[in-house]
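Everything below belongs to model33.txt, which stores compact mmCIF, C-alpha atoms.
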# COMPACT_ATOMS: atom_id res chain seq x y z
CA MET F 1 -7.05 -22.99 50.26
CA LEU F 2 -3.52 -23.38 51.65
CA ALA F 3 -3.46 -19.77 52.85
CA ASN F 4 -6.86 -20.04 54.57
CA GLN F 5 -7.08 -23.61 55.78
CA ARG F 6 -9.21 -23.05 58.88
CA ARG F 7 -11.84 -21.01 57.06
CA LEU F 8 -12.02 -22.96 53.82
CA TYR F 9 -11.79 -26.49 55.22
CA SER F 10 -14.72 -25.60 57.49
CA LEU F 11 -16.56 -24.18 54.49
CA LEU F 12 -15.91 -27.44 52.62
CA PHE F 13 -17.39 -29.47 55.50
CA GLU F 14 -20.46 -27.26 55.89
CA CYS F 15 -21.31 -27.05 52.19
CA ALA F 16 -20.97 -30.80 51.63
CA ALA F 17 -23.04 -31.65 54.71
CA GLN F 18 -25.74 -29.05 54.03
CA SER F 19 -26.06 -30.20 50.40
CA LEU F 20 -26.66 -33.79 51.50
CA LEU F 21 -29.01 -32.80 54.32
CA GLU F 22 -31.02 -30.58 51.98
CA PHE F 23 -31.47 -33.42 49.49
CA GLY F 24 -32.55 -35.68 52.35
CA ARG F 25 -35.19 -33.25 53.56
CA ASN F 26 -36.52 -32.48 50.07
CA ARG F 27 -36.59 -36.04 48.70
CA LEU F 28 -36.97 -38.24 51.77
CA HIS F 29 -38.66 -35.73 54.12
CA GLY F 30 -36.34 -36.55 56.96
CA ASP F 31 -32.80 -36.19 58.31
CA LEU F 32 -29.83 -38.19 57.07
CA GLY F 33 -26.85 -39.26 59.14
CA ILE F 34 -23.43 -38.17 57.83
CA THR F 35 -19.86 -38.84 58.91
CA ALA F 36 -17.33 -36.75 56.95
CA VAL F 37 -13.53 -37.23 56.97
CA LEU F 38 -11.15 -34.62 55.54
CA HIS F 39 -8.30 -35.72 53.25
CA THR F 40 -5.93 -33.28 51.58
CA TRP F 41 -3.67 -35.55 49.52
CA GLY F 42 -3.59 -37.55 46.33
CA GLN F 43 -1.57 -40.70 45.65
CA LYS F 44 1.52 -38.67 44.70
CA LEU F 45 1.30 -36.45 47.79
CA ASP F 46 -0.06 -33.61 45.66
CA PHE F 47 -2.52 -31.17 47.20
CA HIS F 48 -6.05 -32.51 46.71
CA PRO F 49 -8.49 -31.45 49.48
CA HIS F 50 -11.66 -33.54 49.55
CA LEU F 51 -14.11 -35.21 51.92
CA HIS F 52 -14.98 -38.87 52.33
CA CYS F 53 -18.61 -39.01 53.50
CA ILE F 54 -20.49 -42.03 54.84
CA VAL F 55 -24.22 -41.36 54.46
CA THR F 56 -27.17 -43.34 55.79
CA GLY F 57 -29.27 -45.07 53.13
CA GLY F 58 -32.40 -43.29 54.28
CA ALA F 59 -33.70 -40.57 56.57
CA LEU F 60 -35.38 -40.43 59.98
CA SER F 61 -38.67 -38.53 59.97
CA PRO F 62 -38.84 -35.35 62.10
CA ASP F 63 -41.06 -37.07 64.69
CA GLY F 64 -38.62 -39.99 64.95
CA LYS F 65 -41.29 -42.60 64.20
CA ARG F 66 -40.59 -43.50 60.56
CA TRP F 67 -37.53 -44.41 58.49
CA ARG F 68 -37.83 -43.22 54.91
CA SER F 69 -35.82 -44.96 52.21
CA PRO F 70 -35.54 -43.84 48.57
CA LYS F 71 -38.16 -45.24 46.21
CA GLN F 72 -35.49 -46.52 43.82
CA ARG F 73 -32.75 -48.84 45.07
CA LYS F 74 -30.06 -48.03 42.51
CA PHE F 75 -28.98 -44.73 44.04
CA LEU F 76 -29.70 -42.43 46.95
CA PHE F 77 -29.64 -39.07 45.14
CA PRO F 78 -28.83 -37.94 41.57
CA LEU F 79 -25.13 -37.11 41.71
CA ARG F 80 -25.03 -34.43 39.02
CA ALA F 81 -27.76 -32.41 40.76
CA LEU F 82 -25.97 -32.88 44.08
CA GLY F 83 -22.74 -31.59 42.52
CA VAL F 84 -24.50 -28.47 41.21
CA LEU F 85 -25.95 -27.71 44.65
CA PHE F 86 -22.60 -28.23 46.36
CA ARG F 87 -20.84 -26.00 43.82
CA GLY F 88 -23.38 -23.23 44.36
CA LYS F 89 -23.12 -23.38 48.15
CA PHE F 90 -19.32 -23.48 48.21
CA LEU F 91 -18.80 -20.66 45.71
CA ALA F 92 -21.45 -18.51 47.39
CA GLY F 93 -19.65 -18.92 50.72
CA LEU F 94 -16.31 -18.21 49.07
CA ARG F 95 -17.65 -15.06 47.41
CA GLN F 96 -19.02 -13.84 50.73
CA MET F 97 -15.67 -14.32 52.46
CA LEU F 98 -13.81 -12.58 49.64
CA ASP F 99 -16.17 -9.58 49.62
CA ALA F 100 -15.86 -9.27 53.40
CA GLY F 101 -12.06 -9.34 53.23
CA GLU F 102 -11.86 -12.38 55.50
CA LEU F 103 -9.34 -14.33 53.42
CA ARG F 104 -5.62 -13.94 52.84
CA LEU F 105 -4.94 -13.47 49.13
CA PRO F 106 -1.37 -14.38 48.12
CA ASP F 107 -2.41 -13.95 44.47
CA SER F 108 -2.77 -10.24 43.76
CA GLU F 109 -5.00 -10.97 40.75
CA LEU F 110 -7.90 -11.73 43.11
CA LYS F 111 -7.71 -8.47 45.04
CA THR F 112 -9.91 -6.47 42.67
CA PRO F 113 -13.69 -7.08 42.38
CA ALA F 114 -13.51 -7.46 38.59
CA SER F 115 -10.80 -10.12 38.71
CA ARG F 116 -12.65 -12.03 41.45
CA ALA F 117 -15.84 -11.95 39.38
CA ARG F 118 -14.04 -13.41 36.36
CA TRP F 119 -12.40 -16.08 38.51
CA LEU F 120 -15.70 -17.11 40.15
CA SER F 121 -17.45 -17.15 36.80
CA LEU F 122 -14.88 -19.65 35.54
CA LEU F 123 -15.45 -21.86 38.59
CA TYR F 124 -19.24 -21.74 38.10
CA SER F 125 -18.83 -22.88 34.49
CA LYS F 126 -16.92 -26.02 35.48
CA ARG F 127 -18.75 -29.27 36.21
CA TRP F 128 -18.15 -30.28 39.83
CA VAL F 129 -18.15 -34.04 40.22
CA VAL F 130 -19.50 -35.95 43.21
CA TYR F 131 -18.19 -39.53 43.29
CA ALA F 132 -20.29 -42.20 45.00
CA LYS F 133 -19.70 -45.86 45.80
CA CYS F 134 -22.19 -48.68 46.30
CA PRO F 135 -23.73 -49.09 49.78
CA PHE F 136 -21.85 -51.02 52.42
CA GLY F 137 -22.82 -54.62 53.12
CA GLY F 138 -23.16 -54.16 56.86
CA PRO F 139 -21.71 -52.62 60.04
CA GLN F 140 -18.41 -54.50 59.75
CA GLN F 141 -17.69 -52.94 56.35
CA VAL F 142 -18.43 -49.48 57.72
CA LEU F 143 -15.97 -50.04 60.57
CA ARG F 144 -13.35 -51.38 58.15
CA TYR F 145 -13.76 -48.34 55.90
CA LEU F 146 -13.45 -45.91 58.80
CA ALA F 147 -10.41 -47.76 60.12
CA ASN F 148 -8.69 -47.26 56.76
CA TYR F 149 -9.58 -43.60 56.30
CA ALA F 150 -10.22 -41.94 59.64
CA HIS F 151 -6.68 -41.69 61.06
CA ARG F 152 -4.58 -42.14 57.94
CA VAL F 153 -1.73 -39.73 57.25
CA ALA F 154 -0.59 -38.54 53.83
CA LEU F 155 2.01 -41.31 53.45
CA SER F 156 2.45 -44.43 55.56
CA ASN F 157 5.83 -46.03 56.18
CA ARG F 158 4.90 -49.18 54.23
CA ARG F 159 4.67 -47.16 51.00
CA ILE F 160 8.28 -45.96 51.27
CA VAL F 161 10.42 -48.43 49.36
CA ALA F 162 13.82 -46.69 49.13
CA LEU F 163 15.91 -43.89 50.69
CA ASP F 164 19.00 -42.84 48.75
CA THR F 165 21.19 -40.82 51.12
CA GLN F 166 23.83 -40.19 48.47
CA HIS F 167 21.45 -38.63 45.93
CA ARG F 168 19.01 -37.40 48.63
CA THR F 169 15.93 -39.00 47.13
CA VAL F 170 12.86 -40.81 48.47
CA THR F 171 11.00 -43.48 46.48
CA PHE F 172 7.47 -44.53 47.38
CA THR F 173 4.61 -46.43 45.77
CA TYR F 174 1.39 -44.96 44.43
CA ARG F 175 -1.62 -46.21 42.50
CA ASP F 176 -2.17 -44.82 39.03
CA TYR F 177 -5.96 -44.64 38.86
CA ARG F 178 -5.86 -43.45 35.25
CA HIS F 179 -4.33 -46.76 34.21
CA GLY F 180 -6.30 -49.41 36.04
CA SER F 181 -4.97 -48.65 39.56
CA GLN F 182 -1.54 -49.97 38.64
CA LEU F 183 1.01 -49.88 41.46
CA LYS F 184 3.96 -47.70 40.42
CA HIS F 185 7.03 -46.08 41.99
CA LEU F 186 7.70 -42.35 42.27
CA THR F 187 11.10 -40.88 43.19
CA LEU F 188 11.37 -37.34 44.58
CA ASP F 189 14.35 -35.39 45.83
CA ALA F 190 14.34 -34.78 49.57
CA GLN F 191 13.34 -31.13 49.39
CA GLU F 192 10.36 -31.80 47.10
CA PHE F 193 9.29 -34.76 49.24
CA ILE F 194 9.31 -32.61 52.40
CA ARG F 195 7.45 -29.83 50.58
CA ARG F 196 4.69 -32.15 49.44
CA PHE F 197 4.37 -33.87 52.81
CA SER F 198 4.16 -30.50 54.60
CA LEU F 199 1.14 -29.52 52.51
CA HIS F 200 -0.93 -31.98 54.54
CA ILE F 201 -0.04 -30.84 58.06
CA LEU F 202 -3.34 -29.44 59.35
CA PRO F 203 -3.64 -26.40 61.61
CA SER F 204 -3.53 -27.26 65.31
CA GLY F 205 -6.93 -28.17 66.71
CA LEU F 206 -8.70 -28.53 63.34
CA VAL F 207 -11.32 -31.28 63.59
CA ARG F 208 -11.01 -33.52 60.52
CA ILE F 209 -13.82 -35.99 61.39
CA ARG F 210 -17.27 -34.42 61.76
CA HIS F 211 -20.80 -35.76 62.13
CA TYR F 212 -24.06 -34.22 60.90
CA GLY F 213 -27.79 -34.86 60.89
CA ILE F 214 -28.96 -37.69 63.11
CA LEU F 215 -25.32 -38.54 63.85
CA GLY F 216 -24.59 -35.04 65.15
CA ASN F 217 -23.31 -34.82 68.72
CA ASN F 218 -26.43 -33.01 69.94
CA ARG F 219 -28.94 -35.65 68.81
CA ARG F 220 -27.29 -38.93 67.86
CA LYS F 221 -28.15 -40.73 71.10
CA ARG F 222 -31.92 -40.32 70.83
CA ALA F 223 -31.96 -40.50 67.01
CA ILE F 224 -30.03 -43.79 66.83
CA GLU F 225 -32.28 -45.32 69.49
CA ALA F 226 -35.34 -44.27 67.49
CA ALA F 227 -33.93 -45.72 64.27
CA ARG F 228 -33.05 -49.01 65.97
CA ALA F 229 -36.58 -49.30 67.34
CA ILE F 230 -38.00 -48.80 63.82
CA PHE F 231 -35.72 -51.46 62.30
CA LYS F 232 -36.55 -53.87 65.10
CA CYS F 233 -40.27 -53.50 64.37
CA ARG F 234 -39.62 -53.98 60.65
CA GLY F 235 -37.74 -57.19 61.35
CA ARG F 236 -40.64 -58.56 63.38
CA ALA F 237 -43.11 -57.65 60.62
CA LEU F 238 -41.03 -59.51 58.03
CA VAL F 239 -40.92 -62.62 60.24
CA LEU F 240 -44.71 -62.60 60.39
CA GLN F 241 -45.10 -61.97 56.67
CA PRO F 242 -44.96 -65.66 55.55
CA GLN F 243 -47.91 -66.44 57.87
CA VAL F 244 -49.96 -63.70 56.26
CA ALA F 245 -48.86 -64.92 52.83
CA THR F 246 -50.64 -68.24 53.41
CA GLU F 247 -53.94 -66.37 53.46
CA LYS F 248 -53.11 -64.11 50.51
CA PRO F 249 -50.46 -65.70 48.28
CA MET F 250 -47.62 -63.54 47.06
CA CYS F 251 -47.35 -63.13 43.29
CA CYS F 252 -44.28 -63.08 41.08
CA PRO F 253 -43.66 -59.50 39.88
CA LEU F 254 -42.57 -60.81 36.43
CA CYS F 255 -45.04 -63.54 35.43
CA GLY F 256 -47.83 -62.72 37.88
CA LYS F 257 -48.27 -66.31 39.09
CA ALA F 258 -49.06 -66.96 42.73
CA GLY F 259 -47.06 -69.19 45.03
CA VAL F 260 -44.03 -67.00 45.82
CA ARG F 261 -42.74 -67.80 49.31
CA LEU F 262 -40.50 -65.49 51.32
CA VAL F 263 -37.42 -67.39 52.50
CA ALA F 264 -35.05 -64.53 53.31
CA PHE F 265 -34.76 -60.75 53.36
CA THR F 266 -32.05 -58.08 53.46
CA ASP F 267 -32.27 -55.58 56.31
CA PRO F 268 -31.44 -51.83 55.97
CA ALA F 269 -27.81 -52.61 56.81
CA GLY F 270 -27.55 -54.93 53.81
CA VAL F 271 -27.30 -58.12 55.91
CA LEU F 272 -29.09 -61.24 54.59
CA HIS F 273 -31.46 -62.97 57.07
CA MET F 274 -32.99 -66.40 56.50
CA ILE F 275 -36.59 -66.86 57.64
CA GLY F 276 -36.86 -69.40 60.43
CA ALA F 277 -33.16 -69.23 61.27
CA GLY F 278 -33.68 -67.87 64.76
CA PRO F 279 -33.84 -64.29 66.04
CA MET F 280 -32.82 -61.62 63.55
CA PRO F 281 -30.71 -58.80 64.98
CA CYS F 282 -31.90 -55.94 62.74
CA ASP F 283 -29.43 -53.36 63.93
CA SER F 284 -28.44 -50.71 61.37
CA SER F 285 -25.67 -49.19 63.46
Written as structure tokens, that's how I'd like the structure from this file.
Amino acid sequence: MLANQRRLYSLLFECAAQSLLEFGRNRLHGDLGITAVLHTWGQKLDFHPHLHCIVTGGALSPDGKRWRSPKQRKFLFPLRALGVLFRGKFLAGLRQMLDAGELRLPDSELKTPASRARWLSLLYSKRWVVYAKCPFGGPQQVLRYLANYAHRVALSNRRIVALDTQHRTVTFTYRDYRHGSQLKHLTLDAQEFIRRFSLHILPSGLVRIRHYGILGNNRRKRAIEAARAIFKCRGRALVLQPQVATEKPMCCPLCGKAGVRLVAFTDPAGVLHMIGAGPMPCDSS
């Protein structure tokens, strides 16, 4: 990866995005919106390339007239199946580049077809993990998340707690996620610190924030307008729902008794709206 950053970082982006888009088309019959941000570091400045992806909680139909949400609310897609698809796409692309001689190979063990086959077979046998968090609570949380991750560098100045010029060491803080996210200190000699930091200097011109699906540059303007129009109509329908409920009472899904009255609802952005509290700005952006 370090010897072929341009090719393999782009492969990482494409395989992650295409895996998500494929699940969206197969399960939701529409196009997701994806914003992906490249990170290459771990808490100790070690080399750990990965993507942070923000994904819409549903998909826009091909005709742009319907928003399709998953039937279950606990998760968007099954993560283990998504990890298998991503692994297959990434390793297939890697194999193609290796067979075409498009990659630099500092390790001579990968230069023969037999050794590459054994190496790829080992990678296929590993379980590739996709980590997912709960949905955001609204647009402000999305902006806050992007502000923290979009333009962050490998190590900010506030994490550096000590510089020892005599012993030529740097001490900085890190979170130990294996032990309850405890805040700890790590001291490195100057040469090792510079080596680790240099691992995360990207090639000039490499785009580390990319958008796919309905958020892609070629379609996001019309797609977002279409999605907003759908959510606006949904908000109006929910306002009118209590009036319809007077004619046909709503029933409790647990006990079956009538008399349930709608007093509030949560829009697709996760924002709570009280019925009768004025206009409801159902904007998912």
In Å to one decimal, how far is atom CA of Leu105 of chain F from atom CA of Val207 of chain F?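 Interatomic distance here is 23.8 Å.
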Distance atom CA of Ser61 of chain F-atom CA of Leu38 of chain F, one decimal place?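 Computed distance, atom CA of Ser61 of chain F to atom CA of Leu38 of chain F, equals 28.1 Å.
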Straight-line distance linking atom CA of Leu11 of chain F with atom CA of Arg210 of chain F, stated in Å to one decimal: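 Between these atoms lies a distance of 12.6 Å.
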Which residues of segment 5-66 of chain F come within 9 Å of segment 217-237 of chain F, and what is each one's closest atom pair and distance in Å (one decimal), counting all atoms listed in the file, sorted by chain and residue number, as CSV?
residue,atom,partner,partner_atom,distance
F:Gly33,CA,F:Arg220,CA,8.7
F:Leu60,CA,F:Ala227,CA,7.0
F:Gly64,CA,F:Ala226,CA,6.0
F:Lys65,CA,F:Ala226,CA,7.0
F:Arg66,CA,F:Ile230,CA,6.7
Given all atoms listed in the file as the basis, pick out the residue of F:Glu22, F:Asp99, F:Asp176, F:Glu14 nearest to Phe77 of chain F.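 Among F:Glu22, F:Asp99, F:Asp176, F:Glu14, it is F:Glu22 that comes nearest to Phe77 of chain F.
Restricting the calculation to all atoms listed in the file, the smallest distance between Arg87 of chain F and any of F:Gly58, F:Ser181, F:Pro253, F:Ser19 is found for F:Ser19.
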Tell me, as a PyMOL selection string, which residues lie within 10 Å of Leu202 of chain F, counting only C-alpha atoms; anything in the same chain fewer than 3 positions away does not count. chain F and resi 2+5-6+9+40+198-199+205-208
Calculated over all atoms listed in the file, which of the candidates F:Met1, F:Leu120, F:Leu254, F:Ile54 has the smallest distance to Gly88 of chain F? F:Leu120
